[in-house]
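Have a look at the structure below before the remarks.
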Protein chains: 8
Amino acid sequence: MDQETLMNLLKAVKSGSSSVDEAYETLKELPYKDLGYAKIDNHRELRVGFPEIVYCAGKTPEQVRGIVEYMLQKDCSILGTRASKEVYEAVQNVYEAVEYNETARTITIRKNNIKLTESYIAVVSAGTSDLPVVEEAAVTAEVFGNRVERIVDVGVAGIHRLFNKLDIIRGAKVVIVVAGMEGALASVVGGLVDKPVIAVPTSVGYGANFGGLSALLCMLNSCSSGVSVVNIDNGFGAGYLASMINKL
Amino acid sequence: MDQETLMNLLKAVKSGSSSVDEAYETLKELPYKDLGYAKIDNHRELRVGFPEIVYCAGKTPEQVRGIVEYMLQKDCSILGTRASKEVYEAVQNVYEAVEYNETARTITIRKNNIKLTESYIAVVSAGTSDLPVVEEAAVTAEVFGNRVERIVDVGVAGIHRLFNKLDIIRGAKVVIVVAGMEGALASVVGGLVDKPVIAVPTSVGYGANFGGLSALLCMLNSCSSGVSVVNIDNGFGAGYLASMINKL
Amino acid sequence: MDQETLMNLLKAVKSGSSSVDEAYETLKELPYKDLGYAKIDNHRELRVGFPEIVYCAGKTPEQVRGIVEYMLQKDCSILGTRASKEVYEAVQNVYEAVEYNETARTITIRKNNIKLTESYIAVVSAGTSDLPVVEEAAVTAEVFGNRVERIVDVGVAGIHRLFNKLDIIRGAKVVIVVAGMEGALASVVGGLVDKPVIAVPTSVGYGANFGGLSALLCMLNSCSSGVSVVNIDNGFGAGYLASMINKL
Amino acid sequence: MDQETLMNLLKAVKSGSSSVDEAYETLKELPYKDLGYAKIDNHRELRVGFPEIVYCAGKTPEQVRGIVEYMLQKDCSILGTRASKEVYEAVQNVYEAVEYNETARTITIRKNNIKLTESYIAVVSAGTSDLPVVEEAAVTAEVFGNRVERIVDVGVAGIHRLFNKLDIIRGAKVVIVVAGMEGALASVVGGLVDKPVIAVPTSVGYGANFGGLSALLCMLNSCSSGVSVVNIDNGFGAGYLASMINKL
Amino acid sequence: MDQETLMNLLKAVKSGSSSVDEAYETLKELPYKDLGYAKIDNHRELRVGFPEIVYCAGKTPEQVRGIVEYMLQKDCSILGTRASKEVYEAVQNVYEAVEYNETARTITIRKNNIKLTESYIAVVSAGTSDLPVVEEAAVTAEVFGNRVERIVDVGVAGIHRLFNKLDIIRGAKVVIVVAGMEGALASVVGGLVDKPVIAVPTSVGYGANFGGLSALLCMLNSCSSGVSVVNIDNGFGAGYLASMINKL
Amino acid sequence: MDQETLMNLLKAVKSGSSSVDEAYETLKELPYKDLGYAKIDNHRELRVGFPEIVYCAGKTPEQVRGIVEYMLQKDCSILGTRASKEVYEAVQNVYEAVEYNETARTITIRKNNIKLTESYIAVVSAGTSDLPVVEEAAVTAEVFGNRVERIVDVGVAGIHRLFNKLDIIRGAKVVIVVAGMEGALASVVGGLVDKPVIAVPTSVGYGANFGGLSALLCMLNSCSSGVSVVNIDNGFGAGYLASMINKL
Amino acid sequence: MDQETLMNLLKAVKSGSSSVDEAYETLKELPYKDLGYAKIDNHRELRVGFPEIVYCAGKTPEQVRGIVEYMLQKDCSILGTRASKEVYEAVQNVYEAVEYNETARTITIRKNNIKLTESYIAVVSAGTSDLPVVEEAAVTAEVFGNRVERIVDVGVAGIHRLFNKLDIIRGAKVVIVVAGMEGALASVVGGLVDKPVIAVPTSVGYGANFGGLSALLCMLNSCSSGVSVVNIDNGFGAGYLASMINKL
Amino acid sequence: MDQETLMNLLKAVKSGSSSVDEAYETLKELPYKDLGYAKIDNHRELRVGFPEIVYCAGKTPEQVRGIVEYMLQKDCSILGTRASKEVYEAVQNVYEAVEYNETARTITIRKNNIKLTESYIAVVSAGTSDLPVVEEAAVTAEVFGNRVERIVDVGVAGIHRLFNKLDIIRGAKVVIVVAGMEGALASVVGGLVDKPVIAVPTSVGYGANFGGLSALLCMLNSCSSGVSVVNIDNGFGAGYLASMINKL
């Protein structure tokens with residue numbers, strides 16, 4: 001609730017155009033819809049500038065369908081992440097045109113004709129096994145109206161593959177680097193570009209990878225400036241943040 | 001080495017204005033100055049848009065003085081981080097007007113008259129003990145020409161203090177959140193603003209804080225979107241990245 | 001064995017109303033029933049004020065049924081936690097009216113007509129995926145005769161949802177906060193109420209969540225006073241302790 | 001800001017006894033005093049029922065003195081924790097009668113004549129080395145007006161010492177258990193009393209103690225119900241929470 | 001190869017009753033049988049006083065059967081640990097009378113009539129879920145000819161159950177304590193008996209148990225003297241060591 | 001791109017035998033083949049001396065088949081590691097003579113008649129359960145043309161088995177030691193040979209093994225000189241490095 | 001309190017030779033002396049067969065002196081562990097003949113003429129830096145009347161040094177193995193002797209030693225049977241347990 | 001003891017040129033010198049091809065001097081690592097010409113005129129703070145007679161500095177990469193050379209570096225083949241192993 005709204009409300013009370021009780025209700029009833037198992041944030045698009053996201057992991061297909069059903073009334077775009085095939089099928093029942101990206105594990109409903117940004121986000125990844133996280137990041141950024149360039153399989157073990165794509169990477173306004181195992185790609189890219197780099201460690205690897213810990217620590221300790229890190233496998237978070245920055 | 005430079009060099013070889021040997025030397029000799037114990041990157045300002053940084057921890061006062069002395073010839077601004085009083089005094093010998101921020105542990109030499117940005121960076125912190133990291137972030141951002149607003153001691157234990165400052169925080173183009181202990185402030189701020197949030201966990205705390213691990217994990221697992229994380233106590237990294245984003 | 005019992009026993013020995021051997025047996029034979037695979041504590045209700053609990057994880061359905069069968073003779077209420085559907089069905093064979101809460105994974109047999117407390121326990125949770133732990137806590141508290149208010153899906157990413165429910169939370173005598181991921185909700189609630197807060201970290205999340213470690217450390221390092229923590233996903237423990245406090 | 005205050009403010013606006021601007025200022029200016037390096041919460045005693053606490057670690061003696069000086073105007077009691085001798089001496093300059101508990105590392109200024117509670121808090125500890133944490137907990141509880149019984153050096157290695165004190169422990173309304181090394185005392189006490197047990201792991205020990213991790217994990221995994229845990233060495237937190245519960 | 005054997009061999013060489021080549025072969029060919037996938041130690045019973053053990057985890061049923069088949073020629077007792085039902089059935093094909101203890105996951109073939117020891121080993125455990133480890137320890141000790149007393153479900157949450165069995169525990173020559181969760185039982189028993197206590201942490205528990213880490217650290221940090229620890233869930237190791245000590 | 005190539009290219013530009021654009025393309029287009037989901041490194045055999053490796057984990061059978069199909073055109077040997085049976089069958093469709101080593105989980109296509117090295121690599125392992133890693137290391141080394149000697153099941157619990165094989169181990173040019181559990185074998189072998197020892201910790205074990213962490217730390221802390229370590233279960237890495245050293 | 005004492009007390013009550021109150025006092029007043037900061041266990045020698053131990057770490061020299069002073073009245077032997085020079089000097093004031101072992105950091109007061117055991121304890125160690133732990137173990141065992149053989153600096157990097165001492169090690173009734181770094185010595189010794197092996201990991205090492213974690217995990221995962229582990233650097237614990245076993 | 005020696009000894013026994021007792025003594029008395037606090041391995045140069053090393057950490061200056069004094073009789077070169085200035089001065093008393101490298105913390109006594117190898121070892125490092133480890137590695141390799149090339153301060157944040165030195169690195173027979181923080185340099189170098197790479201993680205860094213853990217995990221998970229890892233800060237180990245490989 002920003003200053004202006006509050007001032008207006010107080011003025012309405014003063015002028016009598018709003019009663020004390022009405023004003024109290026307005027101040028108390030913050031704007032969301034309660035479905036029982038979830039509270040949907042009606043004003044979110046307004047507040048943070050983007051449509052609602054459904055994190056499907058840990059929700060039943062029925063719960064996801066219910067949430068989507070409610071949202072459809074508002075005619076906004078919807079992005080569901082970590083969506084299993086079962087979730088996709090449940091949503092298809094209420095909105096047939098929903099898209100499913102099997103690699104990214106996302107469902108998307110695009111309602112408004114978003115014009116893509118001029119500037120683009122580069123999503124760079126180390127290996128083939130990082131693709132699900134790459135796709136989650138890219139799909140997220142695209143749903144939010146960003147142009148995205150994917151540059152995959154350019155890990156540091158064969159660094160010339162990366163250099164060959166350097167022009168594209170340097171042309172981006174913000175760069176997402178997705179890497180598992182030792183996660184060194186983030187530091188190398190961070191040293192070569194003068195743009196914000198969002199590093200996404202992945203759980204790709206085995207043994208002393210410890211579920212992504214190695215890449216996570218590597219990226220947090222990057223000696224390259226301009227690198228920040230999101231959670232392991234958090235492609236969505238990286239795509240969302242990149243979109244924020246790309247649209248500044 | 002970007003495309004244009006390479007094309008020009010090749011054309012010079014072709015036209016004879018550059019000999020093969022000269023071109024080879026140019027291609028081979030990448031641009032830095034070797035002081036023996038350190039390699040100084042002459043073209044860095046050009047390449048990544050900013051002056052050289054000296055990370056003073058693990059360097060002797062003499063080494064830092066030597067590096068600064070060399071840089072002074074280039075007439076650029078200099079920022080030294082993690083600088084002890086001894087380092088400061090050593091640098092004073094070669095440049096008397098160097099500034100020392102004791103809280104931030106930074107030395108700064110400002111050569112060029114930087115015009116500050118219109119938009120500003122908000123640096124928000126949870127408690128008094130986080131001040132050194134706050135200052136490192138703020139000084140870094142300022143040296144790079146950014147306007148900075150500090151909002152300190154607004155931890156979640158007394159959340160009304162945060163709400164009172166919300167207008168200032170929301171007015172920023174990018175927000176740095178500095179917090180130790182449980183690091184919850186990053187998530188709370190992340191849920192209240194629609195700007196990129198750079199979270200800096202600090203090692204402030206004791207016991208199950210494990211040297212900043214608690215705040216680090218908390219921030220990486222933030223349920224608020226738009227939050228990314230840098231290393232524990234890495235005020236410099238946050239300030240540098242915030243500057244990059246603020247100047248987009 | 002408290003002072004009075006001991007004194008009485010000694011007096012009985014002195015007066016001859018109890019033989020030395022009888023007294024020895026009484027002192028030696030502490031009060032429990034041995035089923036072979038488990039020792040049931042007959043005097044527990046007396047001793048700690050509550051009926052017996054069966055922790056079903058790691059027990060076969062047959063073992064749980066056997067334990068319940070024995071307890072039924074005593075006409076006390078029974079709460080089984082971490083109960084699979086198989087366990088529920090096995091118990092149904094010996095007590096048809098047993099209730100099963102699938103979300104909470106609890107079985108409950110209510111024998112005595114417990115009058116609910118006036119004061120209530122608030123169970124507050126961050127997200128939909130925390131519901132199983134919420135329910136385990138709430139069902140436990142209810143079985144022990146407490147009034148419970150559930151306030152779910154009020155995580156800090158959309159903190160206005162929490163503020164809207166603040167009156168209900170502040171009205172409670174003790175508050176349970178259930179949260180996974182970064183677990184920041186416990187600190188925020190702890191800063192807003194002046195009641196004991198029992199924080200339950202959950203294993204909800206992925207990546208650097210490390211099975212609930214992030215929420216656990218966050219809660220242990222809470223900068224809000226009045227917050228204590230139980231084991232990850234330990235809804236029962238929180239409900240039990242809250243009941244203890246609510247009944248003081 | 002509770003419902004009543006808000007309603008009254010709105011009524012004042014309506015009736016004209018408060019202007020819109022005044023009301024806005026009241027709503028915006030939440031109640032604290034800004035000292036620059038710290039924000040002091042004037043209404044805290046009102047809000048959470050207790051006087052202000054100063055956590056001295058990470059603050060300079062001058063900062064602590066400044067904070068205390070300001071508070072003295074309000075004539076409330078003050079508790080400073082983790083206070084070094086230097087901090088104590090700095091505070092003595094502005095308030096000579098300040099008390100210093102060297103073991104607890106606390107400074108206390110008692111302004112109001114607090115009547116102690118009837119019911120008491122038992123602080124039970126395993127070994128001599130746990131005394132600093134015991135004292136921090138006990139002093140905290142006492143400053144808040146609670147009667148405290150200390151039962152020290154009753155670790156499980158000689159469990160008969162504990163049993164001898166059981167009557168005192170069972171007579172308490174809430175029990176604090178302080179233990180390092182394996183921290184088993186919390187479980188044993190938790191199994192013997194039917195009162196809330198607040199377990200405080202300490203960093204006492206060596207080797208695989210890992211700075212208190214062993215006691216922390218032990219206490220979190222307690223098989224006794226009614227046990228919750230605060231941070232390692234957090235005597236203050238335990239004393240504060242115990243006071244809350246004791247006063248219910 | 002002990003001193004006597006070596007002396008005799010050298011004398012045989014000197015006297016000519018053994019050729020140099022023969023002696024070389026004897027010295028070189030240390031005593032084991034090579035099955036290709038495993039080397040069976042023929043002289044083990046002689047060398048360490050006990051029959052061969054087969055650790056079945058990570059071996060195919062066929063490999064276990066092959067090893068057992070070879071051993072049967074030597075007419076010694078055999079103990080297989082971590083044996084699945086499939087392993088048991090494979091061994092049954094070559095030795096029908098093999099016994100299978102489903103709880104302990106052991107297969108045993110008893111060839112020689114072992115007279116049980118006078119003195120006994122007490123195996124004490126905290127909860128019902130620890131039974132598999134209890135049984136592995138007990139079966140191991142029994143196969144090696146020890147009398148064993150099992151005292152189960154006497155965890156510290158209801159410590160009177162333990163005290164009731166104290167006479168049996170104190171009568172043992174060596175005590176094995178099996179406990180998961182917080183593992184406090186080892187310290188309590190260690191403080192009550194003056195016999196060697198072998199503590200076996202189990203992986204029973206959840207959350208901050210971290211696969212048995214909590215019990216392991218608790219036991220390693222035991223403040224009771226005379227307690228040593230084996231690996232998590234290592235019932236076999238405890239039974240073997242207890243047998244060694246019991247037979248001293 | 002080495003010096004000679006670069007000089008020749010520049011000379012060609014100067015002489016006109018290569019246009020500026022052609023040279024630019026050559027300099028820019030580094031040598032690999034892009035299959036969309038993977039970039040295949042054509043010049044790798046030239047550059048690092050060995051054929052291409054396919055790490056099959058995290059790739060679909062179809063992706064592996066596609067990669068192999070492309071490589072077959074180049075008539076080089078191929079090694080696929082971490083290959084499931086499904087992967088093997090998919091590759092069989094495009095190259096029937098592909099070999100599958102079920103224990104090592106490798107697929108191999110041998111195109112050129114490699115003459116084995118005179119010197120050999122010893123692969124020494126502690127137990128039967130380490131065989132998959134042993135085989136992965138050995139197969140890798142063999143595919144690269146090395147003679148390999150396997151010495152398995154010589155763990156330190158029966159150290160005489162190791163001594164019996166010492167001649168073979170000492171005869172090797174480089175030694176790979178594969179061990180799980182406590183991984184002590186690497187130190188013992190390292191103390192007995194004067195050759196480089198490559199230690200491979202395995203995840204074999206349970207409990208405080210923590211997925212191979214115990215063996216990993218043990219090997220990293222080896223008091224024997226000449227020992228270096230690769231990732232847990234990384235038989236391929238050890239075999240590859242051993243081949244490099246063996247061929248020096 | 002054992003059965004016989006209890007029976008006698010009850011009989012005394014019955015016969016009138018003890019009043020009910022006297023009996024109650026006896027039953028309640030368990031046997032220890034309370035010094036305020038410590039409870040000294042008078043009956044400990046009786047109960048667990050050995051004199052009292054003073055763990056000096058975390059106690060002031062004055063506290064230790066006070067404890068010793070009290071004990072001297074009882075004419076028993078005293079062992080103080082982790083004793084600094086200051087502690088030693090404080091104790092010298094009340095008992096001049098106290099011995100100080102600087103390496104072991106122990107103070108010892110031998111009152112009774114203990115006849116050493118026939119059988120002996122072997123204390124085996126890997127390196128020179130492990131000597132403090134070796135000495136703590138050996139001194140402890142000696143104070144309790146055991147013959148001790150020290151075999152130092154026989155780490156696995158030069159395993160022939162160990163083999164040369166094998167006769168002495170095998171002649172012991174129980175073996176203590178002290179080792180830091182990778183701790184492999186425990187497994188090697190465990191495989192060569194058929195006696196109980198008590199493994200003591202030490203914090204000797206650096207880097208991935210993590211304060212003794214590497215040796216601890218190595219020893220817990222020992223593939224040799226008959227090995228159990230005490231805390232990192234816990235020489236006292238090993239010596240105490242070894243004495244227990246040696247005297248069986 | 002190798003085959004030939006054993007055969008000869010046995011022949012000597014047979015022929016009578018050696019008595020049984022003499023042979024027994026020879027077989028038993030393995031070759032080392034016992035100084036009491038350390039066992040010096042006389043035959044080590046013979047056995048592993050190099051002179052004796054003294055690891056000075058954890059040894060008193062007197063102990064080091066004693067060890068060096070003994071070794072000087074044998075006229076071999078000596079390398080002391082982790083040597084403080086005090087150790088250096090103590091050794092100077094017995095051998096004035098001893099060299100001290102303050103950065104590497106090594107003392108060296110060069111007795112024999114070692115001819116340096118043709119082939120060389122490249123020691124590559126990321127930053128100035130890694131120099132102590134670089135020097136320890138380089139000095140070690142040089143003492144063992146290897147030519148060494150140091151390439152320092154070529155971290156991945158400015159990767160062009162590395163590329164400029166690639167020719168020197170590729171010319172080496174074996175490469176040591178020393179890096180702290182994220183340790184990415186090892187992977188980058190490993191992908192650019194076809195020589196064995198020995199990676200040395202350093203403890204340089206702060207925060208989530210966790211004492212070198214980040215670089216260690218990064219290097220262990222390297223996606224580049226041919227990379228193996230030694231302990232954190234273990235420059236000696238890397239230099240020793242590199243020397244072994246360089247001399248093959």
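Following the order of the structure tokens, chains are lettered A, B, ..., residues in each are numbered from 1, and ligands are numbered from 1.
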Test item: residues at most 8 Å from stretch 145-153 of chain F, only C-alpha atoms, excluding those fewer than 3 positions along its chain, as a tab-separated table (two decimals) with N, CA, C and O atoms, in the first residue's frame:
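What follows is the written file out_14.tsv:
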```tsv
chain	number	residue	atom	x	y	z
E	37	TYR	N	36.47	-62.80	-8.07
E	37	TYR	CA	35.80	-61.59	-7.59
E	37	TYR	C	36.03	-61.35	-6.10
E	37	TYR	O	35.62	-60.36	-5.55
E	38	ALA	N	36.69	-62.31	-5.42
E	38	ALA	CA	36.93	-62.15	-3.98
E	38	ALA	C	38.08	-63.04	-3.57
E	38	ALA	O	38.35	-64.07	-4.19
E	39	LYS	N	38.80	-62.60	-2.53
E	39	LYS	CA	39.90	-63.40	-1.99
E	39	LYS	C	39.47	-63.87	-0.62
E	39	LYS	O	39.22	-63.07	0.26
F	114	ILE	N	44.95	-50.34	-31.96
F	114	ILE	CA	45.87	-49.71	-31.03
F	114	ILE	C	46.88	-50.75	-30.54
F	114	ILE	O	46.49	-51.83	-30.08
F	115	LYS	N	48.17	-50.41	-30.63
F	115	LYS	CA	49.19	-51.30	-30.05
F	115	LYS	C	49.31	-50.94	-28.58
F	115	LYS	O	49.46	-49.76	-28.23
F	116	LEU	N	49.18	-51.95	-27.73
F	116	LEU	CA	49.22	-51.67	-26.30
F	116	LEU	C	50.62	-51.20	-25.88
F	116	LEU	O	51.63	-51.59	-26.48
F	117	THR	N	50.67	-50.40	-24.84
F	117	THR	CA	51.95	-49.92	-24.30
F	117	THR	C	52.73	-51.07	-23.67
F	117	THR	O	52.15	-52.07	-23.24
F	118	GLU	N	54.06	-50.92	-23.64
F	118	GLU	CA	54.90	-51.88	-22.91
F	118	GLU	C	54.62	-51.75	-21.42
F	118	GLU	O	54.28	-52.70	-20.74
F	119	SER	N	54.83	-50.56	-20.94
F	119	SER	CA	54.60	-50.30	-19.51
F	119	SER	C	53.12	-50.48	-19.22
F	119	SER	O	52.28	-50.38	-20.10
F	120	TYR	N	52.80	-50.78	-17.97
F	120	TYR	CA	51.39	-51.00	-17.66
F	120	TYR	C	50.93	-50.16	-16.47
F	120	TYR	O	51.73	-49.64	-15.71
F	121	ILE	N	49.60	-50.06	-16.40
F	121	ILE	CA	48.92	-49.36	-15.30
F	121	ILE	C	48.38	-50.42	-14.36
F	121	ILE	O	47.69	-51.34	-14.81
F	122	ALA	N	48.66	-50.31	-13.06
F	122	ALA	CA	48.07	-51.21	-12.08
F	122	ALA	C	46.82	-50.58	-11.50
F	122	ALA	O	46.86	-49.43	-11.07
F	123	VAL	N	45.72	-51.33	-11.53
F	123	VAL	CA	44.48	-50.86	-10.90
F	123	VAL	C	44.23	-51.75	-9.68
F	123	VAL	O	43.91	-52.93	-9.81
F	124	VAL	N	44.40	-51.15	-8.51
F	124	VAL	CA	44.35	-51.88	-7.25
F	124	VAL	C	43.07	-51.50	-6.52
F	124	VAL	O	42.75	-50.32	-6.45
F	125	SER	N	42.34	-52.49	-5.98
F	125	SER	CA	41.12	-52.10	-5.28
F	125	SER	C	40.94	-52.84	-3.97
F	125	SER	O	41.49	-53.92	-3.76
F	126	ALA	N	40.14	-52.24	-3.10
F	126	ALA	CA	40.01	-52.74	-1.73
F	126	ALA	C	39.01	-53.89	-1.62
F	126	ALA	O	39.26	-54.87	-0.93
F	127	GLY	N	37.85	-53.77	-2.27
F	127	GLY	CA	36.83	-54.79	-2.06
F	127	GLY	C	36.04	-55.12	-3.31
F	127	GLY	O	36.12	-54.43	-4.33
F	128	THR	N	35.24	-56.17	-3.23
F	128	THR	CA	34.45	-56.63	-4.35
F	128	THR	C	33.47	-55.54	-4.83
F	128	THR	O	33.24	-55.39	-6.02
F	131	LEU	N	34.27	-53.00	-7.70
F	131	LEU	CA	34.54	-53.47	-9.05
F	131	LEU	C	34.03	-52.56	-10.16
F	131	LEU	O	34.74	-52.34	-11.15
F	134	VAL	N	36.58	-49.93	-10.62
F	134	VAL	CA	37.80	-50.56	-11.14
F	134	VAL	C	37.68	-50.79	-12.65
F	134	VAL	O	38.57	-50.43	-13.43
F	138	ALA	N	39.80	-49.29	-15.75
F	138	ALA	CA	40.60	-50.21	-16.57
F	138	ALA	C	40.18	-50.16	-18.05
F	138	ALA	O	41.02	-50.08	-18.95
F	141	ALA	N	41.47	-46.99	-19.65
F	141	ALA	CA	42.91	-47.06	-19.93
F	141	ALA	C	43.17	-47.97	-21.13
F	141	ALA	O	44.02	-47.68	-21.98
F	142	GLU	N	42.44	-49.07	-21.22
F	142	GLU	CA	42.65	-50.01	-22.32
F	142	GLU	C	42.24	-49.41	-23.66
F	142	GLU	O	42.91	-49.59	-24.67
F	165	LYS	N	50.87	-59.17	-3.67
F	165	LYS	CA	50.77	-58.65	-5.04
F	165	LYS	C	51.70	-57.45	-5.26
F	165	LYS	O	51.62	-56.79	-6.29
F	168	ILE	N	53.78	-56.97	-8.58
F	168	ILE	CA	53.03	-56.53	-9.77
F	168	ILE	C	52.73	-55.03	-9.66
F	168	ILE	O	52.86	-54.29	-10.63
F	243	SER	N	46.51	-43.00	-18.20
F	243	SER	CA	46.95	-43.20	-19.59
F	243	SER	C	47.89	-42.08	-20.01
F	243	SER	O	48.94	-42.32	-20.63
F	246	ASN	N	51.17	-42.75	-18.28
F	246	ASN	CA	51.81	-43.97	-18.77
F	246	ASN	C	52.45	-43.74	-20.14
F	246	ASN	O	53.43	-44.40	-20.51
```
Residues of chain G no more than 6 Å from chain F, counting only C-alpha atoms: send them over as a ChimeraX atom specification. /G:156-158,181-182,184,188,191,214,217-218,221-224
Report the residues of stretch 131-223 of chain G whose backbone DSSP state falls under alpha helix (DSSP H), written as a ChimeraX atom specification. /G:131-143,159-164,166-170,185-192,213-220
May I have the residues from that selection written out with C-alpha atoms, as a PDB file, in the first residue's frame?
```pdb
ATOM      1  CA  LEU G 131      52.340 -37.259  20.809  1.00  0.00           C
ATOM      2  CA  PRO G 132      50.130 -35.089  23.087  1.00  0.00           C
ATOM      3  CA  VAL G 133      47.202 -37.425  22.514  1.00  0.00           C
ATOM      4  CA  VAL G 134      49.405 -40.489  22.891  1.00  0.00           C
ATOM      5  CA  GLU G 135      50.681 -39.219  26.202  1.00  0.00           C
ATOM      6  CA  GLU G 136      47.214 -38.319  27.486  1.00  0.00           C
ATOM      7  CA  ALA G 137      46.075 -41.854  26.741  1.00  0.00           C
ATOM      8  CA  ALA G 138      49.169 -43.457  28.229  1.00  0.00           C
ATOM      9  CA  VAL G 139      49.249 -41.361  31.399  1.00  0.00           C
ATOM     10  CA  THR G 140      45.567 -42.051  31.968  1.00  0.00           C
ATOM     11  CA  ALA G 141      46.063 -45.776  31.619  1.00  0.00           C
ATOM     12  CA  GLU G 142      49.102 -45.706  33.902  1.00  0.00           C
ATOM     13  CA  VAL G 143      47.332 -43.745  36.628  1.00  0.00           C
ATOM     14  CA  ILE G 159      54.543 -49.356   6.848  1.00  0.00           C
ATOM     15  CA  HIS G 160      57.696 -51.408   7.479  1.00  0.00           C
ATOM     16  CA  ARG G 161      58.201 -49.416  10.685  1.00  0.00           C
ATOM     17  CA  LEU G 162      54.865 -50.769  11.894  1.00  0.00           C
ATOM     18  CA  PHE G 163      55.634 -54.342  10.947  1.00  0.00           C
ATOM     19  CA  ASN G 164      58.850 -54.229  12.928  1.00  0.00           C
ATOM     20  CA  LEU G 166      54.070 -55.975  15.356  1.00  0.00           C
ATOM     21  CA  ASP G 167      55.133 -58.444  18.035  1.00  0.00           C
ATOM     22  CA  ILE G 168      54.806 -55.837  20.761  1.00  0.00           C
ATOM     23  CA  ILE G 169      51.461 -54.677  19.457  1.00  0.00           C
ATOM     24  CA  ARG G 170      50.103 -58.207  19.160  1.00  0.00           C
ATOM     25  CA  LEU G 185      46.670 -46.695  10.801  1.00  0.00           C
ATOM     26  CA  ALA G 186      43.630 -47.868  12.773  1.00  0.00           C
ATOM     27  CA  SER G 187      42.412 -50.038   9.902  1.00  0.00           C
ATOM     28  CA  VAL G 188      45.839 -51.460   9.223  1.00  0.00           C
ATOM     29  CA  VAL G 189      46.438 -52.350  12.878  1.00  0.00           C
ATOM     30  CA  GLY G 190      42.864 -53.639  13.187  1.00  0.00           C
ATOM     31  CA  GLY G 191      43.551 -56.049  10.346  1.00  0.00           C
ATOM     32  CA  LEU G 192      46.769 -57.337  11.920  1.00  0.00           C
ATOM     33  CA  LEU G 213      37.033 -34.945  10.547  1.00  0.00           C
ATOM     34  CA  SER G 214      39.025 -36.890   7.951  1.00  0.00           C
ATOM     35  CA  ALA G 215      40.611 -39.203  10.507  1.00  0.00           C
ATOM     36  CA  LEU G 216      37.336 -39.550  12.400  1.00  0.00           C
ATOM     37  CA  LEU G 217      35.348 -40.614   9.326  1.00  0.00           C
ATOM     38  CA  CYS G 218      38.147 -42.884   8.183  1.00  0.00           C
ATOM     39  CA  MET G 219      38.181 -44.705  11.513  1.00  0.00           C
ATOM     40  CA  LEU G 220      34.392 -44.975  11.768  1.00  0.00           C
TER      41      LEU G 220
END
```
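Note that atom CA of A:Thr108 and atom CA of A:Val54 are 10.1 Å apart.
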Taking the DSSP secondary structure from the backbone, can you list the residues of stretch 11-248 of chain A that are strand (DSSP E), as a PyMOL selection string? chain A and resi 33-34+39-40+53-55+78-81+99-101+106-109+120-125+147-151+174-179+197-201+227-229
